[in-house]
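Below is one structure, written out as structure tokens, with a few remarks after it.
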Number of protein chains: 2
Amino acid sequence: MSRATARAHANIALIKYWGKRDTQLNLPAVSSLSLTLDRFWTETTVTWGAPADVVRVGGEAAPDGFATRALSFLDRLDPARPPVAIDTDNSFPTGAGLASSASGFAALTLAASAASGADHTTEQLSVLARQGSGSACRSLWGGFVTWRKGSLADGTDSHGSPLAPQDHWDLAMLVAVVAAGKKPIGSTVAMERTRATSPYYAEWLATSEADVDTAERAVRERNLTTLGEAMESSTFKMHATMHTARPSVNYWKPATMACIHAVEQLRSKGVEAYLTMDAGPNVKVLCNRADVEAVQSALSAHVSRVEVLLPGPAPQVTR
Amino acid sequence: MSRATARAHANIALIKYWGKRDTQLNLPAVSSLSLTLDRFWTETTVTWGAPADVVRVGGEAAPDGFATRALSFLDRLDPARPPVAIDTDNSFPTGAGLASSASGFAALTLAASAASGADHTTEQLSVLARQGSGSACRSLWGGFVTWRKGSLADGTDSHGSPLAPQDHWDLAMLVAVVAAGKKPIGSTVAMERTRATSPYYAEWLATSEADVDTAERAVRERNLTTLGEAMESSTFKMHATMHTARPSVNYWKPATMACIHAVEQLRSKGVEAYLTMDAGPNVKVLCNRADVEAVQSALSAHVSRVEVLLPGPAPQVTR
């Protein structure tokens with residue numbers, strides 16, 4: 001029996017991951033670029049060689065679906081694995097409206113690998129985490145991370161890469177929580193419908209790589225205008241593929257629109273703030289740390305909850 | 001001196017006109033298909049050979065911009081025209097949130113042509129009206145009208161054509177008035193920005209003709225499901241080209257989203273209702289006449305004003 005604990009942080013894509021080229025391996029149709037966040041993390045302890053498989057969340061037995069997904073992910077990591085105990089917990093405040101699958105699968109991968117005594121590189125761990133949840137492969141590093149889609153059929157070249165560390169740039173990410181409940185349609189189903197039916201999907205694919213290139217340069221040069229414009233273009237292109245799917249997939253809610261216009265207004269008043277939205281109604285706004293109060297105040301007029309986040313660190317593993 | 005009066009009705013595009021291939025002649029980049037409406041019309045009297053040019057709206061001197069636009073339009077119709085008196089009036093209720101340029105230029109074209117004693121076919125009149133305001137070329141007929149974009153450089157093959165008359169099909173069009181004020185960005189500017197910067201514009205053009213073909217068949221067969229799905233696809237594709245323009249053009253407001261979701265919910269309850277949106281925040285919903293109350297009730301939960309319209313007649317001219 002051996003044991004390891006890992007803490008991995010959530011991340012938000014500035015240049016979006018949307019569409020899979022292989023659903024079994026979670027291979028993306030586009031590259032993406034993310035920012036790892038400070039306050040939202042998952043901490044997971046894996047005991048390698050337990051009396052029987054058990055999965056606990058916050059000390060309680062995990063829901064069946066959750067336990068099955070975690071255990072079958074470990075089966076994939078090591079088909080000959082012994083029984084394991086998984087103890088996991090999230091720092092996410094209740095109803096924060098952010099997904100924990102990225103930090104969750106990153107932490108699980110790191111803890112399981114360490115507990116099993118495997119000798120994986122961080123890139124290999126990223127490849128493994130990706131198979132649990134695509135965006136998890138970006139939570140293997142802090143700060144800014146690029147996920148190049150890769151081209152190999154086995155997915156071994158589709159993993160995150162560190163672009164710039166946590167302390168590279170004094171930015172902040174605010175999350176306007178429009179709704180924190182279950183989404184009307186899951187993102188995997190929405191991705192697949194988009195791929196199959198949106199007339200704009202091919203162009204989404206064709207233009208995404210250039211967005212990642214632009215954003216990489218902007219991060220290196222700390223150019224918020226360029227990064228923000230590429231970021232907004234990416235999110236509107238992604239949502240446009242959903243809106244034009246048949247049937248249309250529209251995650252935006254009234255308060256989503258209000259926040260979109262609030263960000264436009266902030267910019268018209270000289271505050272550099274740029275938005276992104278995932279497969280849900282929440283609006284995430286990137287700005288200089290000095291502008292957090294102005295942005296928070298503008299968003300708070302439209303939603304009752306605004307989370308303020310800063311660039312986060314790389315994961316930590318303890319044995 | 002001779003005089004004629006024309007009444008022409010507004011129309012709403014079910015398959016959208018968005019993008020110009022010639023801005024001077026108002027030649028469209030795509031074909032479109034519209035429904036002429038009953039209660040919203042413009043009535044215009046032209047006196048051909050007046051003491052001096054004069055333009056009145058509702059008996060009062062017209063604003064300068066309006067008068068200039070109307071008179072220079074008549075200059076184009078007949079460069080050697082005599083002075084004219086134009087008296088025009090709209091039936092549109094104040095703040096209905098619908099544009100009067102389509103019915104306005106259709107009525108002006110008809111009245112001027114009749115007053116001048118010209119002998120234009122309806123198609124020729126449609127070509128002329130188009131040069132005043134693109135969508136005006138569809139208001140030369142009642143019921144359902146197709147506007148094929150044409151291919152000639154002089155625009156003589158770009159005009160409306162009657163598809164089915166007013167009494168063809170018992171449908172209704174409801175307008176949820178989200179905002180009736182001036183738009184933050186005019187549609188000609190938005191069209192041009194879209195054309196120049198949206199990565200999806202080419203695909204918008206490439207897929208629009210098939211939508212018109214589908215909608216034409218659906219109108220002939222009175223198939224609301226097929227018409228409605230083509231209609232929603234067209235409007236979401238059009239707005240997606242705007243959302244992905246740089247800078248993004250987003251006419252939707254919070255109540256727009258609420259109405260979009262209300263229409264989705266109506267369908268999930270078995271009410272066949274389908275939406276379209278022009279370059280503005282209002283939501284227009286097509287349904288069977290028998291479902292008007294259900295649709296009106298659903299929309300009224302989100303906006304304070306809902307206009308109920310039925311298919312409208314062809315224009316009338318009296319001398």
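Chain labels run A, B, ... following the order of the structure tokens; each chain numbers its residues from 1, and ligands are numbered from 1 in the order shown.
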Residues of chain B within 7 Å of chain A, counting only C-alpha atoms, as a VMD selection string: chain B and resid 199 to 200 203 233 236 to 237 240 243 to 244 253 to 255 257 to 258
Write the residues of the selection above to a file with C-alpha atoms, as a compact mmCIF listing (two decimals), in the first residue's frame.
```
# COMPACT_ATOMS: atom_id res chain seq x y z
CA PRO B 199 -14.72 34.58 -40.50
CA TYR B 200 -18.20 33.11 -40.99
CA GLU B 203 -20.30 30.44 -45.23
CA SER B 233 -31.32 28.78 -38.86
CA PHE B 236 -28.98 32.58 -36.01
CA LYS B 237 -26.52 32.38 -38.90
CA ALA B 240 -23.55 34.78 -35.66
CA HIS B 243 -21.26 38.35 -33.07
CA THR B 244 -18.04 37.22 -34.74
CA LYS B 253 -30.54 42.42 -24.97
CA PRO B 254 -31.49 40.52 -21.81
CA ALA B 255 -35.17 40.40 -22.84
CA MET B 257 -32.59 36.06 -24.62
CA ALA B 258 -35.69 35.61 -22.46
```
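Residues with any atom within 8 Å of A:Met191, counting only C-alpha atoms and excluding same-chain neighbours fewer than 6 positions away, are Trp18, Gly19, Lys20 and Met242 of chain A.
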Those selected residues, please, written with C-alpha atoms and delivered as a PDB file, in the first residue's frame.
```pdb
ATOM      1  CA  TRP A  18     -14.565  23.211 -28.607  1.00  0.00           C
ATOM      2  CA  GLY A  19     -14.951  20.070 -30.694  1.00  0.00           C
ATOM      3  CA  LYS A  20     -13.270  16.668 -30.568  1.00  0.00           C
ATOM      4  CA  MET A 242     -23.594  26.476 -31.097  1.00  0.00           C
TER       5      MET A 242
END
```
Residue contacts of B:Ala172 (12 Å, only C-alpha atoms) excluding same-chain residues fewer than 2 positions away, as a VMD selection string: chain B and resid 12 35 to 39 143 166 to 167 169 to 170 174 to 175 224 272 to 275 284 to 293 295 to 296 307 to 312
Restricting the output to N, CA and C atoms, write the selected residues as a compact mmCIF listing (two decimals), in the first residue's frame.
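Printed below is selection-v8.txt as written:
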```txt
# COMPACT_ATOMS: atom_id res chain seq x y z
N ILE B 12 -41.52 41.39 -43.03
CA ILE B 12 -40.45 40.86 -42.18
C ILE B 12 -39.81 39.69 -42.91
N LEU B 35 -42.53 37.90 -45.36
CA LEU B 35 -43.98 37.92 -45.19
C LEU B 35 -44.41 39.38 -45.06
N THR B 36 -45.35 39.78 -45.92
CA THR B 36 -45.92 41.13 -45.83
C THR B 36 -46.95 41.14 -44.70
N LEU B 37 -47.01 42.25 -43.96
CA LEU B 37 -47.84 42.32 -42.75
C LEU B 37 -49.09 43.17 -42.95
N ASP B 38 -50.12 42.89 -42.16
CA ASP B 38 -51.39 43.58 -42.42
C ASP B 38 -51.48 44.99 -41.83
N ARG B 39 -51.20 45.16 -40.56
CA ARG B 39 -51.56 46.42 -39.90
C ARG B 39 -50.54 47.54 -40.05
N GLY B 143 -48.65 38.90 -48.88
CA GLY B 143 -48.34 37.50 -48.54
C GLY B 143 -46.84 37.22 -48.50
N GLN B 166 -51.72 36.73 -49.69
CA GLN B 166 -52.10 36.98 -48.30
C GLN B 166 -52.93 35.86 -47.69
N ASP B 167 -53.87 35.31 -48.47
CA ASP B 167 -54.80 34.32 -47.89
C ASP B 167 -54.33 32.88 -48.06
N TRP B 169 -52.23 31.11 -46.25
CA TRP B 169 -51.87 30.29 -45.09
C TRP B 169 -52.22 31.07 -43.82
N ASP B 170 -52.90 30.42 -42.91
CA ASP B 170 -53.36 31.07 -41.67
C ASP B 170 -52.27 31.19 -40.62
N LEU B 174 -45.91 37.60 -34.41
CA LEU B 174 -45.96 38.43 -33.21
C LEU B 174 -44.61 39.10 -33.03
N VAL B 175 -44.64 40.36 -32.67
CA VAL B 175 -43.41 41.11 -32.44
C VAL B 175 -43.29 41.42 -30.96
N LEU B 224 -45.13 24.32 -41.60
CA LEU B 224 -44.59 25.30 -40.65
C LEU B 224 -43.30 24.81 -40.00
N GLU B 272 -46.17 25.17 -32.03
CA GLU B 272 -45.24 25.42 -33.14
C GLU B 272 -45.02 26.92 -33.29
N ALA B 273 -43.95 27.39 -32.74
CA ALA B 273 -43.60 28.81 -32.81
C ALA B 273 -42.13 28.92 -33.15
N TYR B 274 -41.77 29.84 -34.05
CA TYR B 274 -40.39 29.98 -34.52
C TYR B 274 -40.05 31.46 -34.58
N LEU B 275 -38.79 31.76 -34.30
CA LEU B 275 -38.43 33.18 -34.16
C LEU B 275 -37.50 33.67 -35.26
N LYS B 284 -39.30 38.35 -33.29
CA LYS B 284 -40.52 38.19 -34.07
C LYS B 284 -40.83 36.71 -34.18
N VAL B 285 -42.05 36.35 -33.86
CA VAL B 285 -42.38 34.93 -33.73
C VAL B 285 -43.50 34.55 -34.69
N LEU B 286 -43.24 33.55 -35.51
CA LEU B 286 -44.20 33.05 -36.48
C LEU B 286 -44.90 31.82 -35.91
N CYS B 287 -46.23 31.77 -36.04
CA CYS B 287 -46.98 30.63 -35.51
C CYS B 287 -48.30 30.49 -36.27
N ASN B 288 -48.98 29.38 -36.03
CA ASN B 288 -50.32 29.23 -36.56
C ASN B 288 -51.25 30.24 -35.90
N ARG B 289 -52.23 30.72 -36.64
CA ARG B 289 -53.11 31.73 -36.08
C ARG B 289 -53.81 31.22 -34.82
N ALA B 290 -54.06 29.93 -34.78
CA ALA B 290 -54.74 29.34 -33.61
C ALA B 290 -53.89 29.41 -32.35
N ASP B 291 -52.58 29.63 -32.50
CA ASP B 291 -51.70 29.64 -31.33
C ASP B 291 -51.33 31.06 -30.88
N VAL B 292 -51.96 32.06 -31.45
CA VAL B 292 -51.57 33.43 -31.13
C VAL B 292 -51.65 33.72 -29.63
N GLU B 293 -52.73 33.27 -29.00
CA GLU B 293 -52.88 33.58 -27.56
C GLU B 293 -51.77 32.96 -26.73
N VAL B 295 -48.76 32.12 -27.66
CA VAL B 295 -47.48 32.77 -27.93
C VAL B 295 -47.44 34.16 -27.29
N GLN B 296 -48.54 34.87 -27.45
CA GLN B 296 -48.62 36.22 -26.88
C GLN B 296 -48.42 36.18 -25.36
N GLU B 307 -46.88 43.00 -30.41
CA GLU B 307 -47.76 43.34 -31.53
C GLU B 307 -48.12 42.05 -32.26
N VAL B 308 -49.42 41.90 -32.56
CA VAL B 308 -49.88 40.71 -33.29
C VAL B 308 -50.22 41.12 -34.72
N LEU B 309 -49.58 40.47 -35.67
CA LEU B 309 -49.77 40.83 -37.08
C LEU B 309 -50.15 39.60 -37.88
N LEU B 310 -50.87 39.85 -38.97
CA LEU B 310 -51.28 38.76 -39.86
C LEU B 310 -50.71 39.04 -41.25
N PRO B 311 -50.74 38.04 -42.12
CA PRO B 311 -50.28 38.29 -43.49
C PRO B 311 -51.03 39.47 -44.09
N GLY B 312 -50.30 40.29 -44.82
CA GLY B 312 -50.88 41.53 -45.34
C GLY B 312 -51.07 41.50 -46.85
```
Which of stretch 137-261 of chain A fall in alpha helix (DSSP H), as a PyMOL selection string: chain A and resi 187-197+201-221+224-243+254-261
Keeping only C-alpha atoms, write the selected residues to a file as an mmCIF file, in the first residue's frame.
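Saved result, again.cif, follows:
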```
data_model
loop_
_atom_site.group_PDB
_atom_site.id
_atom_site.type_symbol
_atom_site.label_atom_id
_atom_site.label_comp_id
_atom_site.auth_asym_id
_atom_site.auth_seq_id
_atom_site.Cartn_x
_atom_site.Cartn_y
_atom_site.Cartn_z
ATOM 1 C CA SER A 187 -20.948 20.136 -23.343
ATOM 2 C CA THR A 188 -19.999 16.818 -24.965
ATOM 3 C CA VAL A 189 -23.441 16.523 -26.556
ATOM 4 C CA ALA A 190 -23.348 20.187 -27.587
ATOM 5 C CA MET A 191 -19.876 19.762 -29.112
ATOM 6 C CA GLU A 192 -21.014 16.778 -31.133
ATOM 7 C CA ARG A 193 -24.193 18.496 -32.360
ATOM 8 C CA THR A 194 -22.144 21.517 -33.347
ATOM 9 C CA ARG A 195 -19.655 19.399 -35.268
ATOM 10 C CA ALA A 196 -22.415 17.547 -37.065
ATOM 11 C CA THR A 197 -24.743 20.434 -37.939
ATOM 12 C CA TYR A 201 -17.847 24.554 -37.663
ATOM 13 C CA ALA A 202 -15.237 24.101 -40.418
ATOM 14 C CA GLU A 203 -14.314 27.775 -40.254
ATOM 15 C CA TRP A 204 -14.144 27.562 -36.446
ATOM 16 C CA LEU A 205 -11.518 24.868 -36.857
ATOM 17 C CA ALA A 206 -9.717 26.731 -39.617
ATOM 18 C CA THR A 207 -9.274 29.941 -37.600
ATOM 19 C CA SER A 208 -8.571 28.607 -34.111
ATOM 20 C CA GLU A 209 -4.883 27.860 -34.434
ATOM 21 C CA ALA A 210 -4.134 31.453 -35.403
ATOM 22 C CA ASP A 211 -5.973 32.608 -32.277
ATOM 23 C CA VAL A 212 -3.705 30.476 -30.109
ATOM 24 C CA ASP A 213 -0.631 31.845 -31.887
ATOM 25 C CA THR A 214 -1.843 35.414 -31.370
ATOM 26 C CA ALA A 215 -2.675 34.800 -27.723
ATOM 27 C CA GLU A 216 0.694 33.147 -27.049
ATOM 28 C CA ARG A 217 2.501 36.194 -28.373
ATOM 29 C CA ALA A 218 0.215 38.513 -26.421
ATOM 30 C CA VAL A 219 0.876 36.643 -23.175
ATOM 31 C CA ARG A 220 4.630 36.749 -23.734
ATOM 32 C CA GLU A 221 4.463 40.475 -24.445
ATOM 33 C CA LEU A 224 -3.864 42.767 -22.802
ATOM 34 C CA THR A 225 -5.551 44.437 -25.791
ATOM 35 C CA THR A 226 -4.308 41.801 -28.210
ATOM 36 C CA LEU A 227 -4.989 38.940 -25.806
ATOM 37 C CA GLY A 228 -8.449 40.256 -24.964
ATOM 38 C CA GLU A 229 -9.490 40.732 -28.576
ATOM 39 C CA ALA A 230 -8.339 37.233 -29.530
ATOM 40 C CA MET A 231 -10.112 35.872 -26.450
ATOM 41 C CA GLU A 232 -13.438 37.520 -27.262
ATOM 42 C CA SER A 233 -13.191 36.505 -30.885
ATOM 43 C CA SER A 234 -12.601 32.906 -29.824
ATOM 44 C CA THR A 235 -15.567 32.793 -27.456
ATOM 45 C CA PHE A 236 -17.982 34.450 -29.905
ATOM 46 C CA LYS A 237 -16.859 32.107 -32.667
ATOM 47 C CA MET A 238 -17.396 29.114 -30.391
ATOM 48 C CA HIS A 239 -20.855 30.240 -29.264
ATOM 49 C CA ALA A 240 -21.769 31.091 -32.854
ATOM 50 C CA THR A 241 -21.142 27.465 -33.839
ATOM 51 C CA MET A 242 -23.594 26.476 -31.097
ATOM 52 C CA HIS A 243 -26.221 29.069 -32.013
ATOM 53 C CA PRO A 254 -30.706 37.425 -19.929
ATOM 54 C CA ALA A 255 -28.026 38.248 -17.343
ATOM 55 C CA THR A 256 -25.383 36.870 -19.744
ATOM 56 C CA MET A 257 -26.363 39.548 -22.253
ATOM 57 C CA ALA A 258 -26.351 42.203 -19.544
ATOM 58 C CA CYS A 259 -22.787 41.230 -18.589
ATOM 59 C CA ILE A 260 -21.666 41.188 -22.234
ATOM 60 C CA HIS A 261 -22.910 44.742 -22.653
#
```
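When atom CA of A:Thr276 is paired with atom CA of A:Ser304, their separation reads 18.7 Å.
Compared by their closest atoms to A:Arg138, and using only C-alpha atoms, the residues A:Ala70, A:Ala102, A:Ala176, A:Ile86 rank with A:Ala102 nearest.
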DSSP-assigned strand (DSSP E or B) members of stretch 69-307 of chain B, reported as a PyMOL selection string: chain B and resi 84-90+144-147+160-164+171-176+273-276+283-288+306-307
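If only C-alpha atoms are the atoms counted, then among B:Thr45, B:Ser31, B:Asn11, B:Ser103 the closest residue to B:Ser158 is B:Ser31.
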Got a sec: who's within 8 Å of A:Glu123, counting only C-alpha atoms, leaving out chain neighbours fewer than 5 positions off, as an mmCIF file with N, CA and C atoms, in the first residue's frame?
```
data_model
loop_
_atom_site.group_PDB
_atom_site.id
_atom_site.type_symbol
_atom_site.label_atom_id
_atom_site.label_comp_id
_atom_site.auth_asym_id
_atom_site.auth_seq_id
_atom_site.Cartn_x
_atom_site.Cartn_y
_atom_site.Cartn_z
ATOM 1 N N HIS A 159 -1.224 17.526 -25.467
ATOM 2 C CA HIS A 159 -1.088 17.777 -24.031
ATOM 3 C C HIS A 159 -0.775 19.244 -23.785
ATOM 4 N N GLY A 160 -0.879 19.661 -22.547
ATOM 5 C CA GLY A 160 -0.547 21.025 -22.191
ATOM 6 C C GLY A 160 0.945 21.282 -22.246
ATOM 7 N N SER A 161 1.280 22.581 -22.327
ATOM 8 C CA SER A 161 2.674 23.020 -22.243
ATOM 9 C C SER A 161 2.679 24.350 -21.509
#
```
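Close contacts of A:Ala262, defined as residues with an atom at most 9 Å away when counting only C-alpha atoms, with chain neighbours fewer than 5 positions off set aside, comprise Met257, Arg267, Val295, Ala298, Leu299, Ala301 and His302 of chain A.
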Would you export the selected residues with C-alpha atoms as a PDB file, in the first residue's frame, please?
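Result saved to selection.pdb:
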```
ATOM      1  CA  MET A 257     -26.363  39.548 -22.253  1.00  0.00           C
ATOM      2  CA  ARG A 267     -14.100  49.360 -22.434  1.00  0.00           C
ATOM      3  CA  VAL A 295     -15.107  45.395 -13.184  1.00  0.00           C
ATOM      4  CA  ALA A 298     -20.052  46.757 -13.200  1.00  0.00           C
ATOM      5  CA  LEU A 299     -20.837  43.034 -13.137  1.00  0.00           C
ATOM      6  CA  ALA A 301     -25.233  45.326 -11.190  1.00  0.00           C
ATOM      7  CA  HIS A 302     -26.423  42.270 -13.139  1.00  0.00           C
TER       8      HIS A 302
END
```
